[in-house]
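Source file upload_33.txt; content: compact mmCIF, C-alpha atoms.
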```txt
# COMPACT_ATOMS: atom_id res chain seq x y z
CA MET A 1 52.44 -18.09 -34.25
CA ASN A 2 51.47 -21.40 -32.75
CA GLU A 3 48.12 -22.80 -31.63
CA MET A 4 48.40 -21.08 -28.23
CA ASP A 5 48.99 -17.59 -29.63
CA GLU A 6 45.66 -16.50 -31.11
CA PRO A 7 43.42 -17.26 -28.09
CA PHE A 8 46.05 -15.79 -25.78
CA ILE A 9 46.25 -12.56 -27.79
CA GLU A 10 42.47 -12.27 -27.61
CA GLN A 11 42.66 -12.77 -23.84
CA LEU A 12 45.21 -9.94 -23.61
CA ARG A 13 42.71 -7.48 -25.07
CA GLN A 14 40.96 -7.13 -21.72
CA TYR A 15 44.28 -5.96 -20.19
CA GLU A 16 45.00 -3.23 -22.76
CA GLY A 17 47.23 -0.55 -21.20
CA LYS A 18 47.93 -2.68 -18.11
CA TRP A 19 50.73 -5.00 -17.01
CA VAL A 20 50.18 -8.74 -16.75
CA ALA A 21 52.02 -11.61 -15.09
CA ILE A 22 52.14 -14.66 -17.35
CA TYR A 23 52.72 -18.24 -16.25
CA GLU A 24 53.81 -20.49 -19.10
CA THR A 25 54.57 -24.18 -19.55
CA GLU A 26 55.16 -26.18 -22.72
CA THR A 27 51.43 -26.78 -23.10
CA GLU A 28 49.74 -23.74 -21.61
CA ARG A 29 50.03 -20.01 -21.13
CA GLN A 30 47.86 -18.09 -18.71
CA ILE A 31 47.56 -14.66 -17.16
CA VAL A 32 47.89 -15.08 -13.40
CA GLY A 33 48.09 -11.45 -12.29
CA SER A 34 47.58 -7.90 -13.50
CA GLY A 35 48.02 -4.31 -12.42
CA ASP A 36 48.71 -0.75 -13.45
CA ASP A 37 52.46 -1.42 -13.31
CA ALA A 38 54.83 -4.39 -13.21
CA VAL A 39 55.08 -4.34 -9.41
CA GLU A 40 51.29 -4.62 -9.03
CA ALA A 41 51.10 -7.43 -11.60
CA LYS A 42 53.87 -9.38 -9.83
CA ARG A 43 52.24 -8.85 -6.44
CA ASP A 44 48.87 -10.03 -7.83
CA ALA A 45 50.50 -13.17 -9.29
CA GLU A 46 52.19 -13.95 -5.97
CA LYS A 47 48.87 -13.51 -4.18
CA ASN A 48 47.47 -16.12 -6.59
CA GLY A 49 50.31 -18.53 -5.78
CA TYR A 50 52.62 -17.90 -8.77
CA THR A 51 56.18 -16.76 -8.12
CA GLU A 52 57.87 -17.63 -11.44
CA VAL A 53 56.18 -15.40 -14.01
CA VAL A 54 56.98 -13.25 -17.02
CA LEU A 55 55.86 -9.63 -16.78
CA PHE A 56 54.49 -7.95 -19.88
CA GLY A 57 53.15 -4.46 -20.54
CA VAL A 58 50.12 -4.85 -22.80
CA PRO A 59 50.11 -2.12 -25.45
CA ARG A 60 47.04 -0.41 -26.78
CA PHE A 61 45.69 -2.50 -29.62
CA ASP A 62 44.86 0.57 -31.71
CA ALA A 63 48.47 1.81 -31.53
CA VAL A 64 50.85 1.49 -34.46
CA PHE A 65 54.51 0.63 -33.98
CA ILE A 66 56.93 1.97 -36.56
CA PRO A 67 60.49 0.78 -36.05
CA VAL A 68 63.20 3.35 -36.73
CA ALA A 69 66.32 2.04 -38.41
```

Starting from the coordinates I provided, produce the structure as structure tokens.
Amino acid sequence: MNEMDEPFIEQLRQYEGKWVAIYETETERQIVGSGDDAVEAKRDAEKNGYTEVVLFGVPRFDAVFIPVA
């Protein structure tokens, strides 16, 4: 983790179970769109003037992930 990660993870909590569009540079990372699916999140980001984004499905924070080998 770097200095941008912890505040960003806390910001993601409000989008639990949703999709977000993330705009990232070397010095900042911000959520610029959101929606119930990736299409809605992308559309919301474009409406806010961002076309180059990363889409991410925010998991439930109370969920546990167990990798299967």

**Q.** Residue neighbourhood A:Ile22, 8 Å, only C-alpha atoms, exclusion window fewer than 4 positions, as a PyMOL selection string
**A.** chain A and resi 29-33+53-56

Create the file for the chosen residues now, containing C-alpha atoms and written as a PDB file, in the frame of the given file.
```
ATOM      1  CA  ARG A  29      50.030 -20.010 -21.130  1.00  0.00           C
ATOM      2  CA  GLN A  30      47.860 -18.090 -18.710  1.00  0.00           C
ATOM      3  CA  ILE A  31      47.560 -14.660 -17.160  1.00  0.00           C
ATOM      4  CA  VAL A  32      47.890 -15.080 -13.400  1.00  0.00           C
ATOM      5  CA  GLY A  33      48.090 -11.450 -12.290  1.00  0.00           C
ATOM      6  CA  VAL A  53      56.180 -15.400 -14.010  1.00  0.00           C
ATOM      7  CA  VAL A  54      56.980 -13.250 -17.020  1.00  0.00           C
ATOM      8  CA  LEU A  55      55.860  -9.630 -16.780  1.00  0.00           C
ATOM      9  CA  PHE A  56      54.490  -7.950 -19.880  1.00  0.00           C
TER      10      PHE A  56
END
```

(Q) Here is a test: counting only C-alpha atoms, which residue of A:Val58, A:Ala45, A:Ala69, A:Tyr50 is nearest to A:Ile9? (A)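 That would be A:Val58, the residue with the smallest distance to A:Ile9.
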
Q. Pick the closest to A:Gly17 from A:Lys42, A:Gly35, A:Gly49, A:Asp5: which is it, counting all atoms listed in the file?
A. A:Gly35

Q) For A:Arg43, which of A:Pro67, A:Ala21, A:Glu10, A:Thr27 is the closest residue, counting all atoms listed in the file? A)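 The closest residue to A:Arg43 is A:Ala21.
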
(Q) What's the separation between atom CA of A:Glu46 and atom CA of A:Phe61, in Å to one decimal place? (A) 27.1 Å

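If only C-alpha atoms are the atoms counted, then among A:Val20, A:Gln11, A:Ile66, A:Arg60 the closest residue to A:Asp37 is A:Val20.
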
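Comparing A:Asp44, A:Asp62, A:Asp36, A:Glu52 by their smallest distance to A:Tyr15, the closest is A:Asp36 (using all atoms listed in the file).
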
Q | Using all atoms listed in the file: which of A:Thr51, A:Val39, A:Val68, A:Gly57 has the shortest distance to A:Lys18 | A | A:Gly57

Axis-aligned box for all listed atoms of stretch 45-61 of chain A, 8 Å per side, centre and edges in Å to one decimal, as AutoDock Vina command-line options:
```
--center_x 51.8 --center_y -9.5 --center_z -16.9 --size_x 28.2 --size_y 34.1 --size_z 41.4
```

Q) In Å, with one decimal, what is the gap from atom CA of A:Glu28 to atom CA of A:Asn48? A)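 Value for the atom CA of A:Glu28-atom CA of A:Asn48 distance: 17.0 Å.
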
Please reconstruct the missing atoms of stretch 28-49 of chain A (target: N, CA and C atoms) and return them as an mmCIF file, in the frame of the given file.
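Wrote it out as part_15.cif, contents follow:
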```cif
data_model
loop_
_atom_site.group_PDB
_atom_site.id
_atom_site.type_symbol
_atom_site.label_atom_id
_atom_site.label_comp_id
_atom_site.auth_asym_id
_atom_site.auth_seq_id
_atom_site.Cartn_x
_atom_site.Cartn_y
_atom_site.Cartn_z
ATOM 1 N N GLU A 28 50.723 -24.768 -21.939
ATOM 2 C CA GLU A 28 49.740 -23.740 -21.610
ATOM 3 C C GLU A 28 50.401 -22.401 -21.306
ATOM 4 N N ARG A 29 49.606 -21.373 -21.433
ATOM 5 C CA ARG A 29 50.030 -20.010 -21.130
ATOM 6 C C ARG A 29 48.812 -19.330 -20.517
ATOM 7 N N GLN A 30 49.001 -18.743 -19.333
ATOM 8 C CA GLN A 30 47.860 -18.090 -18.710
ATOM 9 C C GLN A 30 48.272 -16.818 -17.976
ATOM 10 N N ILE A 31 47.349 -15.904 -17.897
ATOM 11 C CA ILE A 31 47.560 -14.660 -17.160
ATOM 12 C C ILE A 31 47.171 -14.939 -15.718
ATOM 13 N N VAL A 32 48.123 -14.736 -14.807
ATOM 14 C CA VAL A 32 47.890 -15.080 -13.400
ATOM 15 C C VAL A 32 47.904 -13.856 -12.490
ATOM 16 N N GLY A 33 48.113 -12.679 -13.062
ATOM 17 C CA GLY A 33 48.090 -11.450 -12.290
ATOM 18 C C GLY A 33 48.069 -10.254 -13.219
ATOM 19 N N SER A 34 47.607 -9.118 -12.696
ATOM 20 C CA SER A 34 47.580 -7.900 -13.500
ATOM 21 C C SER A 34 47.633 -6.685 -12.590
ATOM 22 N N GLY A 35 47.967 -5.545 -13.185
ATOM 23 C CA GLY A 35 48.020 -4.310 -12.420
ATOM 24 C C GLY A 35 48.366 -3.133 -13.307
ATOM 25 N N ASP A 36 48.384 -1.967 -12.710
ATOM 26 C CA ASP A 36 48.710 -0.750 -13.450
ATOM 27 C C ASP A 36 50.196 -0.638 -13.761
ATOM 28 N N ASP A 37 51.029 -1.381 -13.030
ATOM 29 C CA ASP A 37 52.460 -1.420 -13.310
ATOM 30 C C ASP A 37 52.978 -2.835 -13.043
ATOM 31 N N ALA A 38 54.249 -3.060 -13.349
ATOM 32 C CA ALA A 38 54.830 -4.390 -13.210
ATOM 33 C C ALA A 38 54.833 -4.875 -11.762
ATOM 34 N N VAL A 39 55.052 -3.964 -10.833
ATOM 35 C CA VAL A 39 55.080 -4.340 -9.410
ATOM 36 C C VAL A 39 53.709 -4.870 -8.981
ATOM 37 N N GLU A 40 52.634 -4.176 -9.379
ATOM 38 C CA GLU A 40 51.290 -4.620 -9.030
ATOM 39 C C GLU A 40 50.969 -5.975 -9.666
ATOM 40 N N ALA A 41 51.369 -6.162 -10.914
ATOM 41 C CA ALA A 41 51.100 -7.430 -11.600
ATOM 42 C C ALA A 41 51.828 -8.579 -10.911
ATOM 43 N N LYS A 42 53.083 -8.360 -10.532
ATOM 44 C CA LYS A 42 53.870 -9.380 -9.830
ATOM 45 C C LYS A 42 53.246 -9.693 -8.475
ATOM 46 N N ARG A 43 52.856 -8.677 -7.761
ATOM 47 C CA ARG A 43 52.240 -8.850 -6.440
ATOM 48 C C ARG A 43 50.921 -9.637 -6.566
ATOM 49 N N ASP A 44 50.132 -9.333 -7.596
ATOM 50 C CA ASP A 44 48.870 -10.030 -7.830
ATOM 51 C C ASP A 44 49.129 -11.506 -8.148
ATOM 52 N N ALA A 45 50.143 -11.787 -8.957
ATOM 53 C CA ALA A 45 50.500 -13.170 -9.290
ATOM 54 C C ALA A 45 50.924 -13.931 -8.037
ATOM 55 N N GLU A 46 51.736 -13.306 -7.207
ATOM 56 C CA GLU A 46 52.190 -13.950 -5.970
ATOM 57 C C GLU A 46 51.011 -14.235 -5.048
ATOM 58 N N LYS A 47 50.064 -13.311 -4.985
ATOM 59 C CA LYS A 47 48.870 -13.510 -4.180
ATOM 60 C C LYS A 47 48.079 -14.720 -4.683
ATOM 61 N N ASN A 48 48.158 -14.981 -5.988
ATOM 62 C CA ASN A 48 47.470 -16.120 -6.590
ATOM 63 C C ASN A 48 48.306 -17.393 -6.592
ATOM 64 N N GLY A 49 49.488 -17.348 -5.950
ATOM 65 C CA GLY A 49 50.310 -18.530 -5.780
ATOM 66 C C GLY A 49 51.359 -18.765 -6.858
#
```
